[in-house]
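Shown next: final-v6.cif, containing mmCIF, C-alpha atoms.
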```cif
data_upload
#
loop_
_atom_site.label_atom_id
_atom_site.label_comp_id
_atom_site.auth_asym_id
_atom_site.auth_seq_id
_atom_site.Cartn_x
_atom_site.Cartn_y
_atom_site.Cartn_z
CA MET U 125 126.06 123.29 172.93
CA ARG U 126 124.11 125.52 175.31
CA GLU U 127 123.40 129.02 174.01
CA ASN U 128 123.37 130.42 177.58
CA PRO U 129 126.10 130.11 180.22
CA TRP U 130 125.25 127.43 182.78
CA HIS U 131 124.60 129.93 185.59
CA LEU U 132 122.05 132.03 183.67
CA ARG U 133 118.35 131.26 184.03
CA ILE U 134 116.30 130.69 180.87
CA PRO U 135 113.12 132.82 180.54
CA THR U 136 109.75 131.28 179.71
CA THR U 137 106.94 132.56 177.47
CA GLU U 138 105.41 134.28 180.51
CA HIS U 139 108.64 136.14 181.14
CA TYR U 140 108.86 137.28 177.50
CA GLN U 141 105.34 138.72 177.70
CA TRP U 142 106.05 140.46 180.99
CA PHE U 143 109.25 141.90 179.52
CA ARG U 144 107.47 143.18 176.42
CA ASN U 145 104.91 144.98 178.55
CA LEU U 146 107.64 146.58 180.65
CA VAL U 147 109.52 147.73 177.55
CA ASP U 148 106.40 149.44 176.19
CA LEU U 149 105.78 151.10 179.56
CA HIS U 150 109.33 152.46 179.49
CA ARG U 151 108.82 153.47 175.85
CA LEU U 152 106.14 155.85 177.12
CA THR U 153 108.59 157.46 179.56
CA GLU U 154 111.19 157.84 176.82
CA ALA U 155 108.64 159.46 174.52
CA TRP U 156 107.70 161.98 177.21
CA ARG U 157 111.34 162.90 177.72
CA MET U 158 112.10 163.28 174.04
CA GLU U 159 108.97 165.30 173.27
CA THR U 160 109.63 167.74 176.14
CA ASN U 161 113.37 168.01 175.43
CA ASN U 162 114.34 166.31 178.70
CA GLU U 163 116.48 163.54 177.25
CA ASN U 164 119.05 163.68 180.07
CA LEU U 165 116.70 163.40 183.02
CA THR U 166 117.72 159.89 184.11
CA ALA U 167 121.04 161.00 185.57
CA THR U 168 119.32 163.81 187.46
CA ILE U 169 116.43 161.83 188.89
CA GLY U 170 118.72 158.95 189.83
CA THR U 171 119.90 160.96 192.82
CA HIS U 172 116.33 160.95 194.18
CA LEU U 173 115.81 157.19 193.97
CA GLY U 174 116.38 154.53 196.60
CA ARG U 175 119.41 152.27 196.66
CA LYS U 176 117.64 149.21 195.22
CA VAL U 177 116.27 151.15 192.27
CA LYS U 178 119.65 152.79 191.62
CA GLU U 179 121.23 149.35 191.45
CA SER U 180 118.78 148.42 188.68
CA LEU U 181 119.03 151.57 186.57
CA TRP U 182 121.66 149.98 184.34
CA MET U 183 118.93 147.75 182.92
CA LEU U 184 117.22 150.81 181.43
CA ASP U 185 120.25 151.66 179.30
CA ASN U 186 119.13 151.09 175.69
CA LEU U 187 116.23 148.99 177.01
CA LEU U 188 114.15 149.60 173.87
CA ASP U 189 116.83 147.75 171.87
CA THR U 190 117.57 145.07 174.48
CA ASN U 191 116.32 141.50 174.60
CA ILE U 192 115.45 139.74 177.82
CA GLU U 193 118.38 137.32 177.64
CA GLN U 194 120.82 140.21 177.99
CA LEU U 195 119.40 140.99 181.44
CA MET U 196 119.42 137.47 182.84
CA ASP U 197 121.75 136.60 185.70
CA ASP U 198 121.96 133.78 188.25
CA THR U 199 118.72 134.82 189.97
CA LEU U 200 115.26 133.74 188.87
CA PRO U 201 113.89 135.50 185.75
CA GLU U 202 110.91 136.76 187.78
CA ASP U 203 113.32 138.39 190.24
CA VAL U 204 115.14 140.15 187.40
CA LEU U 205 111.86 141.34 185.91
CA ALA U 206 110.55 142.48 189.29
CA ARG U 207 113.64 144.66 189.72
CA LEU U 208 113.22 145.96 186.19
CA GLU U 209 109.53 146.71 186.81
CA HIS U 210 110.30 148.72 189.94
CA ALA U 211 112.98 150.70 188.13
CA ILE U 212 110.67 151.47 185.19
CA TRP U 213 107.79 152.63 187.40
CA ALA U 214 110.07 154.69 189.63
CA VAL U 215 111.80 156.38 186.71
CA GLN U 216 108.49 157.08 184.98
CA ALA U 217 107.08 158.69 188.12
CA LYS U 218 110.19 160.77 188.80
CA THR U 219 110.46 161.75 185.14
CA LEU U 220 106.89 163.01 185.05
CA SER U 221 107.41 164.92 188.31
CA ALA U 222 110.52 166.59 186.89
CA ILE U 223 108.81 167.49 183.61
CA LEU U 224 105.87 169.07 185.41
CA ASN U 225 108.02 170.94 187.93
CA LYS U 226 107.34 174.24 186.16
CA SER U 227 105.13 177.27 186.56
CA GLU U 228 101.41 176.56 186.18
CA PRO U 229 100.90 177.95 182.62
CA GLU U 230 103.93 176.03 181.34
CA THR U 231 102.83 172.88 183.15
CA GLU U 232 99.44 173.00 181.45
CA LEU U 233 101.06 173.21 178.02
CA LEU U 234 103.49 170.40 178.84
CA PHE U 235 100.68 168.17 180.08
CA LYS U 236 98.76 168.72 176.84
CA THR U 237 101.87 167.60 174.98
CA LEU U 238 102.15 164.51 177.18
CA GLU U 239 98.49 163.69 176.53
CA GLN U 240 99.11 163.76 172.78
CA VAL U 241 102.28 161.66 173.09
CA SER U 242 100.51 159.08 175.26
CA THR U 243 97.62 158.79 172.80
CA LYS U 244 100.07 158.28 169.95
CA LEU U 245 101.92 155.54 171.84
CA GLY U 246 98.65 153.73 172.53
CA ARG U 247 97.88 153.70 168.83
CA SER U 248 101.40 152.50 168.05
CA CYS U 249 100.95 149.55 170.42
CA VAL U 250 97.88 148.45 168.47
CA GLU U 251 99.86 148.67 165.23
CA ALA U 252 102.56 146.46 166.73
CA ARG U 253 100.39 143.92 168.55
CA TRP U 254 96.92 143.95 166.97
CA ARG U 255 97.43 145.14 163.41
CA PRO U 256 94.76 142.82 161.90
CA LEU U 257 92.15 144.46 164.15
CA THR U 258 92.95 148.12 163.47
CA ASN U 259 90.12 150.38 162.34
CA ARG U 260 87.65 147.53 162.06
CA GLY U 261 84.85 149.66 163.49
CA GLY U 262 81.72 147.77 164.44
CA GLN U 263 79.02 148.49 166.96
CA ASP U 264 79.91 146.07 169.76
CA LEU U 265 82.57 147.28 172.18
CA ARG U 266 82.80 143.86 173.81
CA ASP U 267 84.80 142.71 170.80
CA LEU U 268 87.68 144.91 172.03
CA LEU U 269 87.91 143.55 175.55
CA PHE U 270 90.25 140.63 174.85
CA ALA U 271 92.86 143.03 173.44
CA LEU U 272 93.21 144.57 176.91
CA GLN U 273 95.04 141.50 178.11
CA ASP U 274 97.97 142.30 175.83
CA THR U 275 98.91 145.83 176.93
CA PRO U 276 101.48 147.33 179.32
CA PHE U 277 98.63 147.98 181.78
CA SER U 278 97.17 144.46 181.82
CA GLY U 279 98.74 143.66 185.20
CA TYR U 280 100.39 140.63 183.62
CA PRO U 281 101.60 138.31 185.04
CA ASN U 282 100.76 139.17 188.66
CA CYS U 283 97.06 139.97 188.30
CA ASN U 284 94.30 140.91 185.88
CA GLY U 285 94.71 144.66 185.47
CA PHE U 286 91.12 145.23 184.35
CA LEU U 287 87.91 144.22 186.12
CA VAL U 288 84.93 144.52 183.78
CA LYS U 289 82.02 145.90 185.83
CA ARG U 290 79.56 146.32 182.96
CA ALA U 291 79.70 145.21 179.34
CA VAL U 292 76.99 145.81 176.76
CA SER U 293 77.41 146.49 173.07
CA ALA U 294 77.66 150.29 173.36
CA GLU U 295 78.98 150.73 176.91
CA ILE U 296 81.72 149.17 179.02
CA ASP U 297 82.77 150.04 182.58
CA ILE U 298 86.20 148.85 183.71
CA GLU U 299 87.80 149.09 187.13
CA LEU U 300 91.56 149.62 186.92
CA LYS U 301 93.26 147.03 189.11
CA SER U 302 96.80 148.10 188.13
CA CYS U 303 96.12 151.82 188.49
CA PRO U 304 99.05 153.99 189.70
CA HIS U 305 96.89 154.89 192.72
CA LEU U 306 97.16 151.24 193.79
CA SER U 307 100.87 150.88 193.11
CA HIS U 308 103.03 149.36 195.84
CA TYR U 309 105.98 151.48 194.67
CA SER U 310 106.34 154.52 196.93
CA GLU U 311 107.87 156.62 194.14
CA VAL U 312 104.57 156.49 192.24
CA HIS U 313 102.24 157.78 194.96
CA PRO U 314 103.00 161.55 194.77
CA ILE U 315 102.28 161.67 191.03
CA ALA U 316 99.69 158.87 190.79
CA SER U 317 96.78 161.03 189.60
CA HIS U 318 98.78 162.51 186.72
CA LEU U 319 100.11 159.08 185.77
CA CYS U 320 96.62 157.61 185.86
CA THR U 321 95.36 160.37 183.56
CA LEU U 322 98.17 159.91 181.03
CA HIS U 323 97.79 156.13 181.07
CA THR U 324 94.12 156.68 180.22
CA TYR U 325 95.16 158.82 177.25
CA TRP U 326 97.33 155.87 176.19
CA MET U 327 94.23 153.67 176.45
CA ARG U 328 92.25 156.20 174.39
CA GLY U 329 94.81 155.88 171.64
CA PHE U 330 94.74 152.10 171.97
CA THR U 331 90.94 151.78 171.79
CA SER U 332 90.51 154.40 169.07
CA ALA U 333 92.96 152.52 166.86
CA LEU U 334 90.74 149.46 167.20
CA ASN U 335 87.47 151.36 166.83
CA SER U 336 87.48 155.09 166.03
CA ALA U 337 83.94 155.46 167.42
CA VAL U 338 85.01 154.74 171.03
CA GLU U 339 85.12 157.46 173.67
CA VAL U 340 87.00 156.73 176.91
CA GLU U 341 86.24 158.63 180.13
CA LEU U 342 88.25 158.33 183.35
CA LEU U 343 86.57 158.54 186.75
CA GLN U 344 89.15 158.89 189.50
CA GLN U 345 87.79 157.79 192.86
CA SER U 346 89.37 157.14 196.20
CA GLY U 347 90.85 153.65 196.18
CA ARG U 348 89.61 152.71 192.72
CA CYS U 349 89.53 154.33 189.30
CA LEU U 350 87.11 153.49 186.52
CA GLN U 351 87.18 153.81 182.75
CA LYS U 352 83.90 154.17 180.91
CA TRP U 353 83.91 153.25 177.22
CA ASN U 354 81.03 154.49 175.09
CA LEU U 355 80.24 154.62 171.41
CA LYS U 356 79.91 158.15 170.09
CA ALA U 357 76.27 159.26 169.95
CA GLN U 358 76.22 159.66 166.17
CA GLU U 359 77.58 156.13 165.75
CA ILE U 360 74.78 154.70 167.92
CA ARG U 361 72.14 156.59 165.91
CA ALA U 362 73.68 155.35 162.66
#
```
Spit out the file's structure as C-alpha cells when you get a sec.
Amino acid sequence: MRENPWHLRIPTTEHYQWFRNLVDLHRLTEAWRMETNNENLTATIGTHLGRKVKESLWMLDNLLDTNIEQLMDDTLPEDVLARLEHAIWAVQAKTLSAILNKSEPETELLFKTLEQVSTKLGRSCVEARWRPLTNRGGQDLRDLLFALQDTPFSGYPNCNGFLVKRAVSAEIDIELKSCPHLSHYSEVHPIASHLCTLHTYWMRGFTSALNSAVEVELLQQSGRCLQKWNLKAQEIRA
C-alpha cells in the first residue's frame, strides 16, 4: 500500500537536503525573535508581505517540527520548496527590520544580541551536521571547505553558494554567491547589509566550531561580498 496519497508528489534526496537547509535558515529567524522577545512578529509582518508570500505563510507554522512530506501537495516538490524558500527569506528580512526599528542606542544593543545568537546557531549546526569534525583544530583551513556545502547558505540546490577565490593553508578568500545582496526576493533588499553581516556571524560560529583558531572577516562590496578566513596569528607562530 502506498504511504502517500496518489496525488502527492514524493520528494527526492535533493529535496530533503534543500528542506533541511531552509529549516535551519528559519531556525535563525525564530532564534532572533525569541531572544529579542518578539515571538508574535509573524502576524504583524504578514500585513507587509505580498499575496504570494502570504499564501505560503502557513508552511512556517511549527516548521521546526515539520517533515517535508507534510508540505507536499499536487505540485512538484521543487515548486513547494521554492514557495517555502521565498516565505522564509521574506519573513526573515521583515523580522529583522521590525526588530531593528528602534532608536539608535537600542538598535545597537539588539544587533549585538543578534550577532551572539547567530554565532551560537552556527555552532549548533556543526554539532548537528558535522559532529565528528568539531574542535579538531589543525593548521590547514582547506580541510574545512567541504563542510560549506552542507549549510543553509550553500546555495543548494540552485547554485554553489561559495566561490573560493584563494585557498592556502592559513588563508581562504570566498566570494558569497548566495549573499542577501544578490537575492532575487525584493523583501530582502532593504535589509540586505544587516542580513549579510548576521549570516557572517553564523559562519563565524560554524567555522570556529570546526577550528577554534579561525577568524572570519566580511568585506561588503558593491555587487559581491567576500569572506576572508585566517588562522589567528599566535596559531600560525605556534
_Could you tell me how far CA of Phe286 (chain U) sits from CA of Arg266 (chain U), in Å to one decimal place?_
13.5 Å
*asked:* Restricting the calculation to all atoms listed in the file: of U:His210, U:Leu200, U:Met158, U:Gln194, which residue gets closest to Glu311 (chain U)?
replied: U:His210
*Given the file shown, enumerate the residues that the PyMOL selection byres ((chain U and resi 211) around 12) captures and present them as JSON, numbers by chain.*
{"U": [146, 147, 149, 150, 153, 166, 169, 170, 173, 174, 175, 176, 177, 178, 179, 180, 181, 182, 183, 184, 185, 187, 204, 205, 206, 207, 208, 209, 210, 212, 213, 214, 215, 216, 217, 218, 219, 309, 310, 311, 312]}
*Determine the residue membership of the PyMOL selection byres ((chain U and resi 271-277) around 10) for the file above and supply it as a PyMOL selection string.*
chain U and resi 141-150+152+246+249-250+253-254+257+267-270+278-280+284-286+300-304+323-324+326-327+330-331+334
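Atom to atom, CA of Gln263 (chain U) and CA of Ser293 (chain U) stand 6.6 Å apart.
For the choices U:Thr136, U:Gln351, U:Asn162, U:Ser221, the atom-to-atom distance to Val338 (chain U) is smallest for U:Gln351 when using all atoms listed in the file.
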